[in-house]
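Asker: To be precise about what I am sending: the file is called final37.cif and holds mmCIF, C-alpha atoms.
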data_target
#
loop_
_atom_site.label_atom_id
_atom_site.label_comp_id
_atom_site.auth_asym_id
_atom_site.auth_seq_id
_atom_site.Cartn_x
_atom_site.Cartn_y
_atom_site.Cartn_z
CA MET Y 1 -28.41 87.91 -15.08
CA ASN Y 2 -25.75 85.20 -14.88
CA THR Y 3 -24.05 87.17 -12.13
CA TRP Y 4 -27.24 87.33 -10.09
CA ILE Y 5 -27.81 83.58 -10.49
CA ALA Y 6 -24.27 82.88 -9.32
CA ILE Y 7 -24.67 85.23 -6.34
CA GLY Y 8 -27.94 83.59 -5.34
CA VAL Y 9 -26.66 80.02 -5.63
CA THR Y 10 -23.44 80.83 -3.76
CA THR Y 11 -25.29 82.65 -0.98
CA VAL Y 12 -27.64 79.73 -0.36
CA GLY Y 13 -24.94 77.08 -0.78
CA CYS Y 14 -22.36 78.68 1.49
CA TYR Y 15 -24.92 79.42 4.20
CA LEU Y 16 -26.26 75.85 4.18
CA LEU Y 17 -22.70 74.52 4.52
CA LYS Y 18 -22.18 76.61 7.65
CA TYR Y 19 -25.56 75.77 9.17
CA ALA Y 20 -25.28 72.07 8.35
CA GLY Y 21 -22.15 71.81 10.48
CA LEU Y 22 -24.04 73.01 13.54
CA LEU Y 23 -26.99 70.70 12.94
CA VAL Y 24 -25.32 67.43 11.97
CA PRO Y 25 -24.62 65.25 15.00
CA ALA Y 26 -20.90 65.05 15.72
CA GLY Y 27 -19.30 61.87 14.46
CA VAL Y 28 -21.11 61.59 11.15
CA LEU Y 29 -18.38 63.38 9.21
CA GLU Y 30 -15.57 62.64 11.60
CA ARG Y 31 -14.15 59.74 9.63
CA PRO Y 32 -10.40 60.32 9.06
CA LEU Y 33 -10.57 60.09 5.25
CA VAL Y 34 -13.41 62.61 5.04
CA ARG Y 35 -11.58 65.00 7.34
CA ARG Y 36 -8.33 64.73 5.37
CA LEU Y 37 -10.17 65.31 2.11
CA ALA Y 38 -11.96 68.36 3.53
CA ALA Y 39 -8.66 69.79 4.76
CA LEU Y 40 -6.99 69.24 1.39
CA LEU Y 41 -9.82 70.67 -0.71
CA PRO Y 42 -9.06 74.37 -0.04
CA VAL Y 43 -5.36 73.69 -0.75
CA VAL Y 44 -5.97 72.34 -4.26
CA LEU Y 45 -8.65 74.90 -5.10
CA LEU Y 46 -6.57 77.87 -4.00
CA ALA Y 47 -3.50 76.56 -5.85
CA ALA Y 48 -5.52 76.08 -9.04
CA LEU Y 49 -7.18 79.49 -8.74
CA THR Y 50 -3.86 81.23 -8.17
CA ALA Y 51 -2.42 79.64 -11.31
CA GLN Y 52 -5.52 80.35 -13.36
CA GLN Y 53 -5.89 83.98 -12.43
CA THR Y 54 -2.18 84.66 -12.82
CA LEU Y 55 -1.63 82.98 -16.16
CA SER Y 56 -4.88 82.90 -18.10
CA GLU Y 57 -6.95 85.37 -20.03
CA GLY Y 58 -10.07 83.48 -21.09
CA GLN Y 59 -8.69 80.34 -22.67
CA HIS Y 60 -5.30 81.81 -23.55
CA LEU Y 61 -2.07 81.48 -21.65
CA VAL Y 62 -0.86 85.00 -20.83
CA VAL Y 63 2.50 85.82 -19.30
CA ASP Y 64 2.55 89.48 -18.36
CA ALA Y 65 3.21 91.92 -15.51
CA LYS Y 66 0.77 90.02 -13.29
CA LEU Y 67 3.18 87.08 -13.08
CA ALA Y 68 5.88 89.42 -11.78
CA GLY Y 69 3.43 90.84 -9.25
CA VAL Y 70 2.28 87.44 -7.98
CA GLY Y 71 5.91 86.29 -7.88
CA ALA Y 72 6.76 89.28 -5.69
CA ALA Y 73 3.76 88.43 -3.51
CA ALA Y 74 5.13 84.89 -3.08
CA LEU Y 75 8.42 86.35 -1.93
CA ALA Y 76 6.63 88.65 0.52
CA LEU Y 77 4.76 85.60 1.83
CA VAL Y 78 8.00 83.70 2.39
CA LEU Y 79 9.26 86.74 4.31
CA ARG Y 80 6.13 86.46 6.50
CA ALA Y 81 4.49 89.69 5.40
CA PRO Y 82 0.92 90.14 6.65
CA PHE Y 83 -2.05 89.42 4.36
CA LEU Y 84 -2.76 92.95 3.15
CA MET Y 85 0.97 93.62 2.59
CA VAL Y 86 1.22 90.54 0.35
CA ILE Y 87 -1.62 91.87 -1.79
CA ALA Y 88 -0.21 95.39 -1.84
CA VAL Y 89 3.16 94.09 -3.05
CA ALA Y 90 1.46 92.22 -5.90
CA VAL Y 91 -0.53 95.29 -6.96
CA VAL Y 92 2.39 97.72 -6.80
CA VAL Y 93 4.82 95.44 -8.65
CA THR Y 94 2.24 94.62 -11.35
CA ALA Y 95 1.42 98.30 -11.87
CA GLY Y 96 5.12 99.17 -11.92
CA VAL Y 97 6.10 96.53 -14.47
CA ARG Y 98 3.10 97.52 -16.61
CA ALA Y 99 4.04 101.21 -16.45
CA LEU Y 100 7.52 100.26 -17.62
CA GLY Y 101 5.92 98.58 -20.63
CA GLY Y 102 5.98 94.95 -19.44
CA MET B 103 -11.09 83.63 4.47
CA PRO B 104 -7.84 82.13 5.47
CA GLU B 105 -6.28 79.17 7.03
CA GLN B 106 -7.37 75.86 8.38
CA ILE B 107 -7.82 75.75 12.09
CA GLU B 108 -5.40 72.90 12.58
CA GLN B 109 -2.72 74.90 10.89
CA THR B 110 -0.80 78.01 11.58
CA THR B 111 -2.30 81.34 10.87
CA SER B 112 -1.71 83.62 7.95
CA HIS B 113 -1.83 87.40 8.18
CA GLY B 114 0.34 87.47 11.29
CA ILE B 115 -2.82 87.35 13.37
CA PRO B 116 -2.86 85.49 16.64
CA GLY B 117 -3.81 81.94 15.78
CA PRO B 118 -4.61 78.96 17.95
CA GLN B 119 -0.98 78.38 18.81
CA ARG B 120 -0.36 81.88 20.00
CA VAL B 121 -3.60 82.48 21.80
CA PRO B 122 -2.73 81.04 25.20
CA SER B 123 -5.41 78.39 25.58
CA GLU B 124 -4.02 77.04 28.82
CA ALA B 125 -4.42 80.44 30.46
CA SER B 126 -7.47 78.96 32.17
CA PRO B 127 -9.06 78.93 34.67
CA GLY B 128 -10.70 82.29 34.47
CA LYS B 129 -9.32 83.94 31.38
CA SER B 130 -10.49 87.51 31.79
CA ASP B 131 -13.15 88.91 29.49
CA ALA B 132 -10.79 91.74 28.58
CA ALA B 133 -8.16 89.25 27.37
CA VAL B 134 -10.71 87.38 25.27
CA ILE B 135 -12.00 90.61 23.75
CA ARG B 136 -8.46 91.78 23.00
CA ASP B 137 -7.61 88.54 21.15
CA ALA B 138 -10.91 88.59 19.29
CA LEU B 139 -10.61 92.21 18.20
CA GLY B 140 -7.03 91.67 17.07
CA VAL B 141 -8.18 89.00 14.64
CA GLY B 142 -11.45 90.69 13.68
CA VAL B 143 -9.93 94.05 12.85
CA ALA B 144 -6.86 92.74 11.00
CA VAL B 145 -8.85 90.39 8.78
CA GLY B 146 -11.90 92.63 8.50
CA LEU B 147 -9.81 95.25 6.74
CA SER B 148 -9.06 92.71 3.98
CA GLY B 149 -12.56 93.28 2.68
CA PHE B 150 -11.00 96.22 0.87
CA ALA B 151 -9.04 93.82 -1.35
CA PHE B 152 -12.23 91.91 -2.06
CA GLY B 153 -14.17 95.05 -2.99
CA VAL B 154 -11.46 96.11 -5.40
CA THR B 155 -11.18 92.65 -6.96
CA SER B 156 -14.93 92.28 -7.28
CA ALA B 157 -15.36 95.65 -8.98
CA GLY B 158 -12.39 94.86 -11.22
CA ALA B 159 -14.10 91.61 -12.26
CA GLY B 160 -17.09 93.63 -13.44
CA LEU B 161 -19.53 93.26 -10.53
CA SER B 162 -21.50 96.31 -9.44
CA VAL B 163 -21.02 97.92 -6.04
CA LEU B 164 -24.37 96.47 -4.95
CA GLN B 165 -23.42 92.96 -6.07
CA SER B 166 -20.05 93.17 -4.31
CA CYS B 167 -21.67 94.34 -1.08
CA LEU B 168 -24.38 91.68 -1.21
CA LEU B 169 -21.72 88.99 -1.49
CA SER B 170 -19.93 90.26 1.62
CA LEU B 171 -23.20 90.61 3.51
CA PHE B 172 -24.69 87.24 2.65
CA VAL B 173 -21.91 84.88 1.59
CA PHE B 174 -19.36 86.16 4.13
CA THR B 175 -16.56 83.65 3.61
CA GLY B 176 -13.64 85.28 1.88
CA ALA B 177 -12.04 82.55 -0.22
CA SER B 178 -15.42 81.62 -1.72
CA GLN B 179 -16.16 85.27 -2.51
CA PHE B 180 -12.81 85.78 -4.26
CA ALA B 181 -13.30 82.53 -6.21
CA LEU B 182 -16.78 83.49 -7.34
CA VAL B 183 -15.90 86.95 -8.66
CA GLY B 184 -12.76 85.56 -10.29
CA ALA B 185 -14.78 82.95 -12.17
CA LEU B 186 -17.47 85.46 -13.14
CA GLY B 187 -14.82 87.91 -14.33
CA ALA B 188 -13.41 85.20 -16.60
CA GLY B 189 -16.88 84.75 -18.10
CA GLY B 190 -17.65 81.42 -16.51
CA ASN B 191 -20.98 79.63 -16.37
CA PRO B 192 -22.75 80.82 -13.18
CA PHE B 193 -23.26 77.32 -11.80
CA ALA B 194 -19.64 76.30 -12.39
CA ALA B 195 -18.54 79.55 -10.74
CA ALA B 196 -20.82 78.89 -7.76
CA ALA B 197 -19.56 75.29 -7.52
CA GLY B 198 -15.98 76.46 -7.05
CA ALA B 199 -17.09 78.84 -4.30
CA PHE B 200 -19.19 76.09 -2.71
CA PHE B 201 -16.32 73.61 -2.46
CA LEU B 202 -14.15 76.26 -0.82
CA GLY B 203 -16.90 76.68 1.78
CA VAL B 204 -17.02 72.98 2.72
CA ARG B 205 -14.46 73.48 5.48
CA ASN B 206 -16.92 75.73 7.33
CA SER B 207 -19.14 72.66 7.86
CA PHE B 208 -16.32 70.96 9.69
CA TYR B 209 -15.75 74.01 11.87
CA GLY B 210 -19.46 73.99 12.68
CA LEU B 211 -19.33 70.34 13.73
CA ARG B 212 -16.74 71.14 16.38
CA LEU B 213 -18.15 74.56 17.32
CA SER B 214 -21.56 73.07 18.04
CA GLY B 215 -20.33 71.39 21.21
CA VAL B 216 -17.98 74.19 22.24
CA LEU B 217 -20.55 76.99 21.99
CA GLY B 218 -23.61 74.99 23.05
CA TYR B 219 -26.08 77.42 21.52
CA ARG B 220 -29.80 76.72 21.63
CA ALA B 221 -31.57 75.73 18.40
CA VAL B 222 -33.07 79.21 17.89
CA VAL B 223 -29.64 80.88 18.02
CA LYS B 224 -27.93 78.44 15.64
CA PRO B 225 -29.27 79.83 12.34
CA PHE B 226 -27.79 83.23 13.24
CA ALA B 227 -24.53 81.98 14.67
CA ALA B 228 -24.03 79.85 11.54
CA HIS B 229 -23.50 82.91 9.35
CA TRP B 230 -20.35 83.85 11.29
CA ILE B 231 -18.70 80.42 11.11
CA ILE B 232 -15.49 81.10 9.21
CA ASP B 233 -11.77 80.43 9.68
CA GLU B 234 -11.10 83.32 12.04
CA THR B 235 -14.09 82.99 14.38
CA SER B 236 -13.40 79.24 14.65
CA ALA B 237 -9.72 79.81 15.41
CA VAL B 238 -10.47 82.27 18.21
CA THR B 239 -13.29 80.16 19.65
CA PHE B 240 -11.31 76.89 19.75
CA ALA B 241 -8.52 78.70 21.60
CA GLN B 242 -10.73 79.61 24.57
CA PRO B 243 -10.59 77.65 27.84
CA ASP B 244 -14.31 77.51 28.65
CA ARG B 245 -17.78 78.01 27.19
CA ARG B 246 -18.21 81.57 28.48
CA SER B 247 -14.94 82.72 26.88
CA ALA B 248 -15.71 80.74 23.74
CA ARG B 249 -19.05 82.47 23.27
CA LEU B 250 -17.52 85.88 23.97
CA GLY B 251 -14.62 85.24 21.58
CA PHE B 252 -16.94 83.98 18.86
CA THR B 253 -19.29 86.95 19.18
CA VAL B 254 -16.65 89.67 19.33
CA THR B 255 -14.61 88.21 16.46
CA GLY B 256 -17.72 87.64 14.37
CA LEU B 257 -19.18 91.08 14.98
CA SER B 258 -15.99 93.09 14.44
CA LEU B 259 -15.00 91.10 11.38
CA TYR B 260 -18.46 91.20 9.85
CA VAL B 261 -18.89 94.96 10.27
CA LEU B 262 -15.40 95.83 9.01
CA TRP B 263 -15.41 93.30 6.15
CA ASN B 264 -18.62 94.84 4.82
CA LEU B 265 -17.56 98.46 5.26
CA THR B 266 -14.21 97.87 3.57
CA THR B 267 -15.87 95.90 0.75
CA LEU B 268 -17.99 98.98 0.04
CA ALA B 269 -14.94 101.25 0.19
CA GLY B 270 -12.93 98.98 -2.11
CA ALA B 271 -15.71 98.64 -4.66
CA LEU B 272 -16.36 102.39 -4.73
CA GLY B 273 -12.63 103.12 -4.90
CA ALA B 274 -12.13 100.74 -7.82
CA GLU B 275 -15.05 102.27 -9.69
CA ALA B 276 -13.59 105.74 -9.23
CA LEU B 277 -10.24 104.52 -10.60
CA GLY B 278 -11.77 103.29 -13.85
CA ASP B 279 -9.29 100.92 -15.53
CA THR B 280 -8.26 98.80 -12.54
CA ASP B 281 -5.80 96.76 -14.62
CA ALA B 282 -3.64 99.83 -15.22
CA TRP B 283 -3.24 100.09 -11.45
CA GLY B 284 -2.21 96.45 -11.18
CA LEU B 285 -5.39 95.63 -9.26
CA ASP B 286 -6.01 92.50 -11.33
CA ALA B 287 -3.12 91.00 -9.34
CA ALA B 288 -5.02 91.42 -6.05
CA GLY B 289 -7.19 88.33 -6.63
CA PRO B 290 -4.44 85.78 -7.32
CA ALA B 291 -2.26 87.34 -4.61
CA ALA B 292 -5.12 86.89 -2.12
CA PHE B 293 -5.42 83.20 -3.08
CA LEU B 294 -1.68 82.79 -2.67
CA ALA B 295 -1.70 84.49 0.73
CA LEU B 296 -4.51 82.18 1.86
CA LEU B 297 -2.72 79.12 0.45
CA GLY B 298 0.79 79.80 1.82
CA PRO B 299 0.20 78.86 5.46
CA MET B 300 -1.63 75.66 4.41
CA LEU B 301 1.42 74.19 2.62
CA LYS B 302 2.88 72.49 5.67
CA THR B 303 3.74 68.95 4.59
CA THR B 304 4.60 67.16 1.37
CA VAL B 305 0.99 65.99 1.05
CA GLU B 306 -0.28 69.56 0.77
CA ARG B 307 2.56 70.60 -1.53
CA ALA B 308 2.08 67.61 -3.82
CA ALA B 309 -1.66 68.24 -3.98
CA ALA B 310 -1.16 71.95 -4.72
CA GLY B 311 1.41 71.14 -7.43
CA LEU B 312 -0.84 68.58 -9.07
CA ALA B 313 -3.75 71.03 -8.96
CA VAL B 314 -1.68 73.66 -10.77
CA VAL B 315 -0.68 71.11 -13.44
CA LEU B 316 -4.30 70.03 -13.92
CA MET B 317 -5.40 73.66 -14.18
CA LEU B 318 -2.75 74.65 -16.72
CA GLY B 319 -3.39 71.49 -18.71
CA THR B 320 -7.15 71.89 -18.93
CA PHE B 321 -8.05 75.58 -19.02
CA PRO B 322 -7.20 76.10 -22.71
CA VAL B 323 -9.63 73.34 -23.75
CA LEU B 324 -12.43 73.16 -21.17
CA PRO B 325 -15.22 75.72 -20.65
CA ALA B 326 -14.59 78.43 -18.04
CA GLY B 327 -15.26 77.29 -14.46
CA VAL B 328 -14.80 73.58 -15.20
CA PRO B 329 -10.97 73.45 -14.91
CA VAL B 330 -11.15 74.46 -11.23
CA LEU B 331 -13.42 71.50 -10.56
CA VAL B 332 -11.07 69.18 -12.46
CA SER B 333 -8.17 70.51 -10.39
CA ALA B 334 -10.07 69.65 -7.21
CA LEU B 335 -9.52 65.98 -8.14
CA ALA B 336 -5.90 66.49 -7.09
CA ALA B 337 -7.03 66.13 -3.45
CA PRO B 338 -8.46 62.58 -3.66
CA ALA B 339 -5.71 61.63 -6.13
CA VAL B 340 -2.91 62.55 -3.74
CA LEU B 341 -4.64 60.93 -0.76
CA MET B 342 -5.13 57.71 -2.76
CA ALA B 343 -1.52 57.71 -3.95
CA ARG B 344 -0.32 58.19 -0.40
CA GLY B 345 -2.62 55.47 0.86
CA ALA B 346 -1.33 53.04 -1.78
CA ARG B 347 2.28 53.89 -0.96
CA SER B 348 1.89 53.44 2.79
CA ARG B 349 0.11 50.10 2.18
CA LYS B 350 2.97 48.99 -0.04
CA ALA B 351 5.52 50.13 2.53
CA SER B 352 3.82 48.18 5.30
CA THR B 353 3.62 45.09 3.08
CA ALA B 354 7.33 45.43 2.36
CA ARG B 355 8.03 45.68 6.08
CA GLU B 356 5.99 42.53 6.70
CA GLU B 357 7.89 40.64 4.02
CA SER B 358 11.30 41.66 5.24
CA ARG B 359 10.63 40.10 8.60
#
Any chance you could put this one into structure tokens?
Answerer:
Amino acid sequence: MNTWIAIGVTTVGCYLLKYAGLLVPAGVLERPLVRRLAALLPVVLLAALTAQQTLSEGQHLVVDAKLAGVGAAALALVLRAPFLMVIAVAVVVTAGVRALGG
Amino acid sequence: MPEQIEQTTSHGIPGPQRVPSEASPGKSDAAVIRDALGVGVAVGLSGFAFGVTSAGAGLSVLQSCLLSLFVFTGASQFALVGALGAGGNPFAAAAGAFFLGVRNSFYGLRLSGVLGYRAVVKPFAAHWIIDETSAVTFAQPDRRSARLGFTVTGLSLYVLWNLTTLAGALGAEALGDTDAWGLDAAGPAAFLALLGPMLKTTVERAAAGLAVVLMLGTFPVLPAGVPVLVSALAAPAVLMARGARSRKASTAREESR
């Protein structure tokens, strides 16, 4: 049930965000501070989510094969690998380290 | 889905800088369609990663597909299933996804004038306002090309994103224990791949670093879903710190005169 609630709320919320942009007269949200904040918001959220999903299991800090996989993905990113390749590297390295008993 | 419009593109897809916007007047329809399909197909295939991650987080195939059909903004979708997989409160999970979707409002603000759609078309066009459609549309020289680019990118990406979500979710279910295949690393790797191209200046890097510190400092003690929202405070914090520093610097310059 919780999953359905979350899906419903996210669906409505994300759609309204998109539609609102088309409806609001230009200029209302064009103040520099608001724009800078909006640009920075995905940066901080994605950074936090990366750290959380790499290093946490519930409320416990977990260092396992996933860290090696995400580390390898970071390297692939620096080497300008395309999106799907970055993810593939993370998956393969994580599975490999885990198979080796990491 | 990925990057900010003002910034370079991830995925090696043609972004605003590489789509020749000064090719006007009269950019051919074929050229617009080629650019749009390049982006739509490349990114549309990434729905596979979402389907796998969503199934791995415990969502059903139906739930995964509904998210791609009706939410249709990748970063928010990944964030939601990640939070749900960690057992978060549904409203906190949705809040994280919501904040990631705020940038689409800003794309819409600028797209409104570029596309010039009538009021009856807007509710439908709104659903396709994401990073990639905005990037392609802003790169077009005139309204005709902009509308064509928006439509072709939106349609190709939407169809593929949903088909590959289904394939990924079904595939992950067939595999059983997705962790053994390392598929639990797909989610964080996707976030990282979305984040990478955004880290252009020290402001972004400082904000990202502070967000990681806030996350690691709070997740052991706060309820699931809340630490992400706390980490979001890194954005105003860094902007305020920078504002204070530049004010101080200008004061110092004044005094040294």
Asker: Would you write out, as a VMD selection string, every residue that the PyMOL selection byres ((chain B and resi 341) around 9) captures in this file?
Answerer: (chain Y and resid 33 36 to 37 40) or (chain B and resid 305 309 336 to 340 342 to 346)
Asker: Could you give me, as an MDAnalysis selection string, the residues that have an atom at most 7 Å away from the point (-17.1, 84.5, 13.6) in the coordinates of the file, using all atoms listed in the file?
Answerer: chainID B and resid 230:232 234:236 252:253 255:256
Asker: Which polymer residues have any atom within 8 Å of an atom of stretch 85-93 of chain Y, counting all atoms listed in the file, with same-chain residues fewer than 5 positions away left out, as a PyMOL selection string?
Answerer: (chain Y and resi 65-66+68-74+76-77) or (chain B and resi 151+283-288+291-292+295)
Asker: Give me the result of the PyMOL selection byres ((chain B and resi 318-321) around 12) on this file, residue by residue, as number ranges by chain.
Answerer: Y: 47-62; B: 188, 190, 311-317, 322-333
Asker: Once the PyMOL selection byres ((chain Y and resi 22) around 9) has been evaluated on this model, what residues remain selected, and can you format them as a list in words?
Answerer: Lys18, Tyr19, Ala20, Gly21, Leu23, Val24, Pro25 and Ala26 of chain Y; Ser207, Phe208, Tyr209, Gly210, Leu211, Arg212, Leu213, Ser214, Gly215, Lys224, Pro225 and Ala228 of chain B
Asker: Report the distance between atom CA of B:Ala269 and atom CA of B:Gly203 in Å, rounded to one decimal place.
Answerer: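 Rounded to one decimal, the two atoms are 24.7 Å apart.
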Asker: Could you tell me how far atom CA of B:Glu306 sits from atom CA of B:Thr353, in Å to one decimal place?
Answerer: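 Distance between the two atoms: 24.9 Å.
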Asker: Let me make sure I understand: among B:Val261, B:Ala133, B:Ala241, B:Leu294, which one has the smallest atom-to-atom distance to chain Y if we use all atoms listed in the file?
Answerer: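 Among the listed residues, the smallest separation from chain Y belongs to B:Leu294.
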Asker: Any idea what the distance is between atom CA of B:Ala132 and atom CA of B:Leu250?
Answerer: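 Distance reported for this atom pair: 10.0 Å.
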Asker: Set the distance at 12 Å and use all atoms listed in the file: which residues neighbour B:Ser148 once local chain neighbours fewer than 4 positions away are removed? I'd like the list as an MDAnalysis selection string.
Answerer: (chainID Y and resid 82:88) or (chainID B and resid 103:104 113 141:144 152:155 170 175:177 180 259:270 288:289 292 295:296)
Asker: Counting only C-alpha atoms, which residue out of Y:Leu79, Y:Leu100, Y:Ala38, Y:Val63 sits closest to chain B?
Answerer: Y:Ala38
Asker: Around the point (-26.0, 81.9, 1.4) in the file's coordinates, collect all residues with an atom within 12 Å, using all atoms listed in the file, and return them as a ChimeraX atom specification.
Answerer: /Y:6-19 /B:168-175,178-179,196,199-200,203,225,228-230
Asker: Using all atoms listed in the file for the distances, tell me which of Y:Ala81, Y:Leu67, Y:Pro32, Y:Ala95 is nearest to chain B.
Answerer: Y:Ala95
Asker: Could you check which of B:Arg220, B:Arg249, B:Arg347, B:Arg136 is closest to chain Y, using all atoms listed in the file?
Answerer: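 Closest residue, counting all atoms listed in the file: B:Arg220.
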Asker: Please provide as a ChimeraX atom specification all residues within 9 Å of Y:Asn2, with the sequence filter that same-chain residues fewer than 5 positions apart are discarded (counting only C-alpha atoms).
Answerer: /Y:7 /B:186,191-193
